[in-house]
Structure formats: C-alpha cells, structure tokens
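The structure under discussion appears below in the form of structure tokens.
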Amino acid sequence: MGAFDSFSAFLAMGDHGVYVWSAYAVGAAVIAFNVITPRLHRQRLISDHKRRMRREQR
Amino acid sequence: MWQAFVRWFHKWSSPKWFYTMSQPWSFWLGWAATLIIASALVWGLMFAPVERLQGNSYRIIFIHVPSAFLSQAIYAAIAVLGLVGLVWKMKLAFFVAKQCIPVGASMALLALVTGAIWGKPTWGTWWEWDARLTSMLVLLLLYFGLWALHNAMERPESGDRAAAILALVGVVNLPIIKFSVEWWNTLHQPATLKFTEAPPMHPSMLIPFLMAIVGFYLASMAWVLMRTRLEILQRERKSRWVEDELNRFAEGQ
C-alpha cells in the first residue's frame, strides 16, 4: 500500500500515528466547521424571514 | 481601458450582481477544491515516501503549511478589502471582508494546532514562545478581535469600519510572521518554499504538497463566496430582490 507494507503499518505511521491522525482529525473538524456554519446561517435567515412574513400578515 | 475597468468595478461592487454571478463560482470552486484536496491528502498520507529524519510525523506538513499560508493570505485580503471599503465606501467589500474572518480564523487555528502536534515528536514540546509561534497566535487573536468588533457594534456599518481599521493596523503582524524565522533564530524551521530557490523536496512529496496548497486556496475562496452570499441576503433584506429570493428559499424548504 504505497509507502507502507500493510494497512496496520499505515495506521501506525511508524510510531507517529497519534500525532498524524490527531492533526488530520483537527483538519477534518475545521473543514466541517466551514461547511456546516453557512448551512446553519442559511436556515436562520429563512426562519427569520418566515417569522417576519407572519408578523406582517397579522 | 480605464473606463472598461471602472465599469467592471461598478458592476462587481453591486451586491445583487455579485450574488447572482458568484453562485456558479462557489459551486465549481468547491468541487475543484474537494477533488484536489482529497487527491493531495491520499497521496501525501499513503504514497509519499517517509521522511529520513522526522519519520511519518512530517505528513502533517500537507495541512500545516497550507493552513498557515491561507491564514495569512486571508488576513491580507481582509486588510485590502477594508481599505477599499473605507476609501470607495463600497459595502460589498466590507461584506466579503467580514465573511473572510471565520474562514481565516479557522485556518490560523488549524496551523497552530497542527504545529503544536507536530512539535511534540519533532522538538519535544507542544509550545514554545518562539517568534513564529507567538506571531501566529497574535494573528489568531486579531481574527477574534475583528469578529468581536463586528458583534459589538449596534449598527453593522460601524462594525465594518471599526474592523477595517483594526485589520489595517494588524497588517504589521504579517511581515513579522514571515521574517520571524530569519530574524530570530529559534525553534521553527525556515520556510520550505521560497520564490528565489528550488524547493528542497523530492517531487513525490512536493507535488501533493503544492496540490494541498492550491486546494486550500480554492476551498477558502468557495467558503468565503458562500458566506458572502448569505451576508448579502442578511444585510440587504429590505430590498425587493432579496425578499423574492428568501421567499423562494422558504417555499423550497
């Protein structure tokens, strides 16, 4: 498998698995933050808009 | 020529034009970024050879350096946009600048955390008050300060102006970050990539490394565009076309 002899060697990363995988986990979290927060913002905009519309109808 | 530029500038400074034109851009930039980052990281993690001195911990470089680059590039963009906003009273520049903040801050945080994790096996310590590390921490604090200023102001227009001024003052930190590894000979190693020299990396490491940098640039652009589009809807909600757009969203939900 590429630079590694086996899948377990890939996971172990020499003896640096903890460091490499925790760094990449933080990277995944940062990507998730950047993907999810705009979606939440969009939903908030829509629900605010709906509330405004209802208030105006009354 | 100049007139064409002025016309182009005016068109792009209209929030409505920007909103309409940026949709396909954020879509395609997002997909290009996903593909490039995914291939760069698979290559970097699985196929790039192990580094002679650092072992496998060096693979952190494929996210550490791109995020550090982006955190500084985005800060520079915020400062330029702030200046444009202040000088030409262009509100769209302020909208983009504001939505650059969370993306830039997340990149600065990623650079700091991956740096700390990499520091442990390489230097034997998570943190040192080294010039490079400290100036990057200052960059992250500047991002927090910019966001706090936007939230502290009653009127969003005041937040725009206050944040633009802080961003311009904070620009002095960028050359400090860049030259920190040359001025103070401390823990952090000098730059891996220099414009004046050939990179000291084998192509099997260099290509995924460069791909990751390009991918992070594209992803950040896509995220900033996506966020700016929502900022436009929020700030221009009194205008007719935004109301139509929000109605369309509300019906589609």
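We label chains A, B, ... in the order they appear in the structure tokens, count residues from 1 in each chain, and number ligands from 1 in the order shown.
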Enumerate, in order of chain and increasing residue number, the residues of chain A with an atom no farther than 6 Å from chain B, each with its shortest atom pair and distance in Å to one decimal, counting only C-alpha atoms, as a tab-separated table.
residue	atom	partner	partner_atom	distance
A:Gly2	CA	B:Phe47	CA	4.3
A:Ala3	CA	B:Phe47	CA	5.0
A:Met13	CA	B:Asn56	CA	5.5
A:His16	CA	B:Ser57	CA	5.6
A:Tyr19	CA	B:Ile117	CA	5.8
A:Val20	CA	B:Ser57	CA	5.8
A:Ala23	CA	B:Thr114	CA	5.1
A:Pro38	CA	B:Arg227	CA	5.9
A:Ile46	CA	B:Ala250	CA	5.9
Please return as a PyMOL selection string: the residues of segment 118-182 of chain B that backbone DSSP assigns to alpha helix (DSSP H). chain B and resi 118-123+131-152+156-170+173-182
Distance of atom CA of Gly104 of chain B from atom CA of Ile36 of chain A, expressed in Å to one decimal place: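 These atoms are spaced 15.7 Å apart.
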Between atom CA of Asp160 of chain B and atom CA of Tyr217 of chain B - distance in Å to one decimal: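 One can read the atom CA of Tyr217 of chain B to atom CA of Asp160 of chain B distance as 24.3 Å.
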Using only C-alpha atoms, which of B:Thr125, B:Thr20, B:Thr134, B:Ser13 sits nearest Val242 of chain B? B:Thr20
For the atom pair atom CA of Leu193 of chain B and atom CA of Leu210 of chain B, what is the interatomic distance in Å to one decimal place?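 The value is 9.7 Å.
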Residues at most 9 Å from Ala148 of chain B, counting only C-alpha atoms, excluding those fewer than 5 positions away in the same chain, as a list in words? Tyr143, Met153 and Ala163 of chain B
Test item: residues at most 10 Å from segment 32-36 of chain B, only C-alpha atoms, excluding those fewer than 3 positions along its chain, as a ChimeraX atom specification: /B:26-29,39-41,208,211-222
